[in-house]
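The structure under discussion appears below in the form of C-alpha cells.
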Amino acid sequence: MTSVAAYAAPAPKAPLERTTIQRRAVGDSDVLIDIKYAGICHSDIHQAREGWGEALFPMVPGHEIAGVVSEVGPGVTKFAVGDRVGVGCMVDSCRECDNCRAGLEQYCTGGGMVGTYNAVGRDGEPTYGGYSQKIVVDEEYVLRIPDGLSLDVAAPLLCAGITLYSPLKHWGAGPGKKVAIVGMGGLGHMGVKIAHALGAEVTVLSQSLRKQDDGLRLGADHYRATSDPATFTDLAGTFDLIVSTVSAPLDLGAYLSLLRTRGALVNVGAPEEPIALNLFSVIGGGKTLAGSMIGGIAETQEMLDFCAEHGLGAEIELIRADEINEAYDRVVASDVRYRFVIDTATI
C-alpha cells in the first residue's frame, strides 16, 4: 500500500478537501501511473453531490486521467515505465460476459463495470479516482496516449471524447450525413470536433448564440439557438442523427421532430429527473430514441488514435487543485470553455 495525496468529498454536497488515500501495491498485471492531469467531468459533480442517487464517501472523483507509467507488475506486457497513458471511466469488469468479450466492457452484465471512483473493486475496496497523485490500474484498463496529443488536452478525451465518439461512430456520422450536437459544453465541443473530422455536416443546437463563434471555429457548419422557436420550425425533419449532451430535462418531442424518417436521437447527457415522452414522437417517422455510455477499452483506444491523427484535443482551462470547488460551481453555471483540467502537481 502507498499513501497518496488526493482531493476528496468527505460527504454528499460537501466541499472537496485535500486528504491522503491508500493505493494498493502493484500486482502482477498492474500499472502504477503518476497522474499529471485530471479532467473535471459534470459526472463528478452529479456523483459528489448525490444527484444520481446514493454514493460512496469519502469520494475522490476523476475519470479523465492522463499520466506517465512509473512502475509495472512482472506480468505486464502492454506498458513500460515512461509510457504516456490514460485511464477513463472504468478500471475493471467481469471480462467473461458476452459484452465484455465483445469489447463492450462499459455494459458488463457480469456484475457491471467497476467505476474508476464511487465503486467497489473486486478486492472489496472502494475505488478512488484521478483527483490524486497516483493510481494503480490493471493493464487491461489502461489506454496509450499517442505522442501527437499533449497530456493536458488528452485527459478529457478519456470521458468526453469517447462519450461522443462512440455514438457518432455507431450511428454512422460521416460524409453525406447531417448531425446535430445539442449543447456546446465539455461534451458538446468534442462532439463538434469529432463529427466534423468524421466528415458529417454539423449543426450545434444551443440555448443561445453566445458560443457561436467557438462552435464554428471548432468545426460546426451551422449554429442555431434552441431558445428561438423558429429553430424547430426551420429545421424540422433535417437530421440523420442528433446527439444530446445536456444533463437538464429537454422536450424530447421537440428534438425528435428535427429528425428525418428513421433518424436517431441519442442521449449521452443524464438528467437527474425522469423525462416524459409522447411515444407518437417516435412512432411517427420510425424514429429511434437511444442512449450511449462511454465506450469499451478497444474503442477508447481507437478514439485516442483518431484524435491524435486529426489533432483533436479538448479546449481546456488548467486549474490548481485548490480551485476545484470553484470549478464545480462554474461547471454548473456553464461558465467554462470547455473543460476544467486539474494540474495534479498542485495537489
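Ordered as shown in the C-alpha cells, chains take letters A, B, and onward, while each chain numbers its residues from 1 and ligands are numbered from 1 in the order shown.
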(request) From the DSSP assignment of the backbone, select every residue of region 52-204 of chain A that is strand (DSSP E), and format the answer as an MDAnalysis selection string. (result) chainID A and resid 65:72 84:87 90:92 114:115 134:138 143:144 178:182 201:204
Same residues, N, CA and C atoms, saved as a compact mmCIF listing (two decimals), in the first residue's frame:
# COMPACT_ATOMS: atom_id res chain seq x y z
N ILE A 65 -8.13 10.79 -16.80
CA ILE A 65 -6.81 10.73 -16.20
C ILE A 65 -5.74 10.58 -17.27
N ALA A 66 -4.73 11.43 -17.19
CA ALA A 66 -3.58 11.31 -18.09
C ALA A 66 -2.31 11.38 -17.25
N GLY A 67 -1.37 10.49 -17.54
CA GLY A 67 -0.14 10.48 -16.76
C GLY A 67 0.94 9.65 -17.41
N VAL A 68 1.90 9.25 -16.59
CA VAL A 68 3.08 8.53 -17.06
C VAL A 68 3.29 7.31 -16.18
N VAL A 69 3.58 6.17 -16.81
CA VAL A 69 3.82 4.94 -16.07
C VAL A 69 5.12 5.04 -15.27
N SER A 70 5.04 4.74 -13.97
CA SER A 70 6.23 4.78 -13.13
C SER A 70 6.64 3.41 -12.60
N GLU A 71 5.75 2.41 -12.73
CA GLU A 71 6.10 1.04 -12.30
C GLU A 71 5.11 0.08 -12.96
N VAL A 72 5.60 -1.10 -13.30
CA VAL A 72 4.72 -2.13 -13.85
C VAL A 72 4.93 -3.44 -13.10
N ARG A 84 3.26 7.12 -21.87
CA ARG A 84 2.19 8.10 -21.65
C ARG A 84 0.86 7.37 -21.74
N VAL A 85 0.07 7.46 -20.67
CA VAL A 85 -1.12 6.62 -20.60
C VAL A 85 -2.31 7.40 -20.05
N GLY A 86 -3.48 6.79 -20.21
CA GLY A 86 -4.70 7.38 -19.67
C GLY A 86 -5.57 6.32 -19.03
N VAL A 87 -6.48 6.77 -18.19
CA VAL A 87 -7.49 5.92 -17.57
C VAL A 87 -8.81 6.65 -17.67
N MET A 90 -13.67 3.43 -16.25
CA MET A 90 -13.71 2.11 -15.60
C MET A 90 -12.32 1.56 -15.40
N VAL A 91 -12.18 0.76 -14.35
CA VAL A 91 -10.90 0.15 -14.04
C VAL A 91 -11.00 -1.37 -13.97
N ASP A 92 -12.18 -1.91 -14.24
CA ASP A 92 -12.33 -3.37 -14.25
C ASP A 92 -13.74 -3.70 -14.74
N VAL A 114 -16.56 -1.76 -13.16
CA VAL A 114 -16.09 -1.16 -11.91
C VAL A 114 -15.66 0.27 -12.23
N GLY A 115 -16.38 1.24 -11.71
CA GLY A 115 -16.06 2.63 -11.97
C GLY A 115 -14.72 3.02 -11.39
N LYS A 134 -1.36 9.59 -7.78
CA LYS A 134 -1.02 8.29 -8.39
C LYS A 134 -2.25 7.41 -8.41
N ILE A 135 -2.24 6.42 -9.31
CA ILE A 135 -3.31 5.43 -9.35
C ILE A 135 -2.71 4.10 -9.83
N VAL A 136 -3.25 2.99 -9.32
CA VAL A 136 -2.83 1.65 -9.73
C VAL A 136 -3.99 1.01 -10.48
N VAL A 137 -3.75 0.57 -11.72
CA VAL A 137 -4.81 0.03 -12.57
C VAL A 137 -4.31 -1.19 -13.31
N ASP A 138 -5.16 -2.20 -13.44
CA ASP A 138 -4.83 -3.36 -14.25
C ASP A 138 -4.55 -2.91 -15.68
N LEU A 143 -5.07 2.93 -21.16
CA LEU A 143 -5.01 3.33 -22.56
C LEU A 143 -3.68 4.00 -22.86
N ARG A 144 -3.22 3.85 -24.08
CA ARG A 144 -1.99 4.51 -24.52
C ARG A 144 -2.34 5.85 -25.16
N LYS A 178 -26.23 14.49 -41.89
CA LYS A 178 -26.44 15.73 -41.15
C LYS A 178 -26.58 15.39 -39.67
N VAL A 179 -25.68 15.94 -38.87
CA VAL A 179 -25.59 15.62 -37.45
C VAL A 179 -25.78 16.89 -36.64
N ALA A 180 -26.58 16.81 -35.59
CA ALA A 180 -26.74 17.92 -34.66
C ALA A 180 -26.19 17.53 -33.30
N ILE A 181 -25.46 18.44 -32.69
CA ILE A 181 -24.96 18.27 -31.33
C ILE A 181 -25.74 19.24 -30.45
N VAL A 182 -26.45 18.71 -29.44
CA VAL A 182 -27.22 19.54 -28.54
C VAL A 182 -26.36 19.86 -27.33
N GLU A 201 -21.93 16.86 -41.86
CA GLU A 201 -22.36 18.26 -41.80
C GLU A 201 -22.90 18.49 -40.39
N VAL A 202 -22.30 19.42 -39.66
CA VAL A 202 -22.53 19.54 -38.23
C VAL A 202 -23.28 20.81 -37.89
N THR A 203 -24.34 20.66 -37.09
CA THR A 203 -25.08 21.80 -36.55
C THR A 203 -25.04 21.74 -35.03
N VAL A 204 -24.75 22.86 -34.40
CA VAL A 204 -24.86 22.96 -32.94
C VAL A 204 -26.23 23.53 -32.61
(message) For region 146-161 of chain A, find every residue with an atom within 9 Å (counting only C-alpha atoms), except residues of its own chain fewer than 4 positions away, and show them as a ChimeraX atom specification.
(response) /A:36-41,63-67,84-89,165-166,186-188,190-191,194,294-295,300,303-305,307-309,311-316,318,339-343
(request) Pick out the closest residue to Cys108 (chain A) from this set: A:Gly82, A:Lys169, A:Gly296, A:Pro274. Count only C-alpha atoms. (result)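 Checking each of A:Gly82, A:Lys169, A:Gly296, A:Pro274 against Cys108 (chain A), counting only C-alpha atoms, the winner is A:Gly296.
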(request) Between A:Ala225, A:Ala55, A:Ala48, A:Ala321, single out the one closest to Ala5 (chain A), counting only C-alpha atoms. (result)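 Answer, going by the shortest atom-to-atom distance: A:Ala321.
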(message) Taking 2 positions as the minimum chain separation for residues in the same chain, which residues sit within 9 Å of Ala173 (chain A) when counting only C-alpha atoms? Answer as a list in words.
(response)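 Skipping anything fewer than 2 positions along the chain leaves Pro167, Leu168, Lys169, His170, Trp171, Pro175, Gly176, Lys177, Lys178, Val179, Ala195, Leu198, Gly199, Ala200, Glu201, Asp240 and Leu241 of chain A.
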Next, dump the selected residues to file, keeping only N, CA, C and O atoms, as a short mmCIF file (atom, residue, chain, number, x, y, z; two decimals), in the first residue's frame.
data_model
loop_
_atom_site.label_atom_id
_atom_site.label_comp_id
_atom_site.auth_asym_id
_atom_site.auth_seq_id
_atom_site.Cartn_x
_atom_site.Cartn_y
_atom_site.Cartn_z
N PRO A 167 -21.13 7.02 -29.96
CA PRO A 167 -22.41 7.10 -30.68
C PRO A 167 -22.28 7.68 -32.08
O PRO A 167 -23.03 7.27 -32.99
N LEU A 168 -21.35 8.60 -32.28
CA LEU A 168 -21.16 9.14 -33.63
C LEU A 168 -20.73 8.04 -34.59
O LEU A 168 -21.21 7.95 -35.73
N LYS A 169 -19.82 7.17 -34.15
CA LYS A 169 -19.40 6.05 -34.99
C LYS A 169 -20.52 5.03 -35.16
O LYS A 169 -20.80 4.56 -36.26
N HIS A 170 -21.17 4.68 -34.06
CA HIS A 170 -22.19 3.63 -34.10
C HIS A 170 -23.35 4.01 -35.00
O HIS A 170 -23.89 3.16 -35.73
N TRP A 171 -23.75 5.28 -34.97
CA TRP A 171 -24.90 5.72 -35.74
C TRP A 171 -24.51 6.30 -37.09
O TRP A 171 -25.34 6.89 -37.79
N PRO A 175 -19.58 11.47 -44.12
CA PRO A 175 -19.95 12.21 -45.32
C PRO A 175 -21.39 11.93 -45.74
O PRO A 175 -21.84 10.78 -45.72
N GLY A 176 -22.11 13.00 -46.08
CA GLY A 176 -23.48 12.85 -46.51
C GLY A 176 -24.50 12.81 -45.39
O GLY A 176 -25.71 12.76 -45.65
N LYS A 177 -24.05 12.81 -44.15
CA LYS A 177 -24.94 12.77 -43.01
C LYS A 177 -25.01 14.13 -42.32
O LYS A 177 -24.01 14.83 -42.19
N LYS A 178 -26.23 14.49 -41.89
CA LYS A 178 -26.44 15.73 -41.15
C LYS A 178 -26.58 15.39 -39.67
O LYS A 178 -27.49 14.64 -39.29
N VAL A 179 -25.68 15.94 -38.87
CA VAL A 179 -25.59 15.62 -37.45
C VAL A 179 -25.78 16.89 -36.64
O VAL A 179 -25.20 17.94 -36.96
N ALA A 195 -17.39 14.94 -34.95
CA ALA A 195 -18.33 14.80 -36.06
C ALA A 195 -17.79 15.47 -37.31
O ALA A 195 -17.93 14.95 -38.43
N LEU A 198 -15.11 13.36 -38.82
CA LEU A 198 -15.68 12.18 -39.47
C LEU A 198 -16.29 12.51 -40.83
O LEU A 198 -16.63 11.61 -41.60
N GLY A 199 -16.46 13.81 -41.11
CA GLY A 199 -16.95 14.21 -42.42
C GLY A 199 -18.41 14.58 -42.48
O GLY A 199 -18.94 14.82 -43.58
N ALA A 200 -19.09 14.64 -41.33
CA ALA A 200 -20.51 14.98 -41.32
C ALA A 200 -20.73 16.48 -41.45
O ALA A 200 -19.82 17.28 -41.19
N GLU A 201 -21.93 16.86 -41.86
CA GLU A 201 -22.36 18.26 -41.80
C GLU A 201 -22.90 18.49 -40.39
O GLU A 201 -23.86 17.83 -39.99
N ASP A 240 -30.10 13.36 -39.67
CA ASP A 240 -29.98 11.91 -39.59
C ASP A 240 -29.72 11.47 -38.16
O ASP A 240 -30.16 10.40 -37.73
N LEU A 241 -28.97 12.29 -37.43
CA LEU A 241 -28.55 11.94 -36.07
C LEU A 241 -28.48 13.20 -35.23
O LEU A 241 -27.94 14.22 -35.66
#
(message) Taking 3 positions as the minimum chain separation for residues in the same chain, which residues sit within 12 Å of Leu216 (chain A) when counting only C-alpha atoms? Answer as a PyMOL selection string.
(response) chain A and resi 184+189+192-193+196+201-204+209-213+219-224
(request) Go ahead and compute the interatomic distance for CA of Ser247 (chain A) and CA of Gly110 (chain A), in Å to one decimal. (result)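 Distance between the two atoms: 27.8 Å.
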(request) Just the residues within 8 Å of region 331-336 of chain A, please, counting only C-alpha atoms, with nothing from its chain fewer than 6 positions along; format it as a VMD selection string. (result) chain A and resid 42 185 317
Could those residues be written to a file, using N, CA and C atoms, as a PDB file, in the first residue's frame?
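Contents of out.pdb, freshly written:
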ATOM      1  N   HIS A  42     -18.818  16.728 -15.634  1.00  0.00           N
ATOM      2  CA  HIS A  42     -20.055  17.028 -14.903  1.00  0.00           C
ATOM      3  C   HIS A  42     -20.519  15.808 -14.117  1.00  0.00           C
ATOM      4  N   GLY A 185     -20.900  22.336 -24.562  1.00  0.00           N
ATOM      5  CA  GLY A 185     -20.132  22.331 -23.327  1.00  0.00           C
ATOM      6  C   GLY A 185     -18.968  21.374 -23.416  1.00  0.00           C
ATOM      7  N   GLU A 317      -9.279  24.677 -19.605  1.00  0.00           N
ATOM      8  CA  GLU A 317      -8.836  25.710 -18.679  1.00  0.00           C
ATOM      9  C   GLU A 317      -8.112  24.988 -17.548  1.00  0.00           C
TER      10      GLU A 317
END
(message) Rounded to one decimal, what separation in Å do you get between CA of Thr231 (chain A) and CA of Leu252 (chain A)?
(response)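 Calculated distance between CA of Thr231 (chain A) and CA of Leu252 (chain A) is 14.7 Å.
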(message) To one decimal place in Å, what is the distance between CA of Asp123 (chain A) and CA of Glu96 (chain A)?
(response)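 Rounded to one decimal, the two atoms are 17.4 Å apart.
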(request) Give the helix (DSSP H, G or I) residues of region 37-190 of chain A, as assigned by DSSP on the backbone, as a ChimeraX atom specification. (result) /A:42-48,98-101,105-107,139-141,151-158,160-170,186-190
(request) Find, counting only C-alpha atoms, the residue in A:Arg18, A:Lys287, A:Arg122, A:Arg101 that gets nearest to Ile242 (chain A). (result)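 Selected residue with least distance to Ile242 (chain A): A:Lys287.
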(request) May I ask which of the residues A:Gly75, A:Gly51, A:Gly129, A:Pro10 is the closest one to Asp28 (chain A), counting only C-alpha atoms? (result) A:Gly75
(message) Using only C-alpha atoms, can you tell me which of A:Gly53, A:Glu17, A:Ser132, A:Thr226 comes closest to Glu323 (chain A)?
(response) A:Glu17
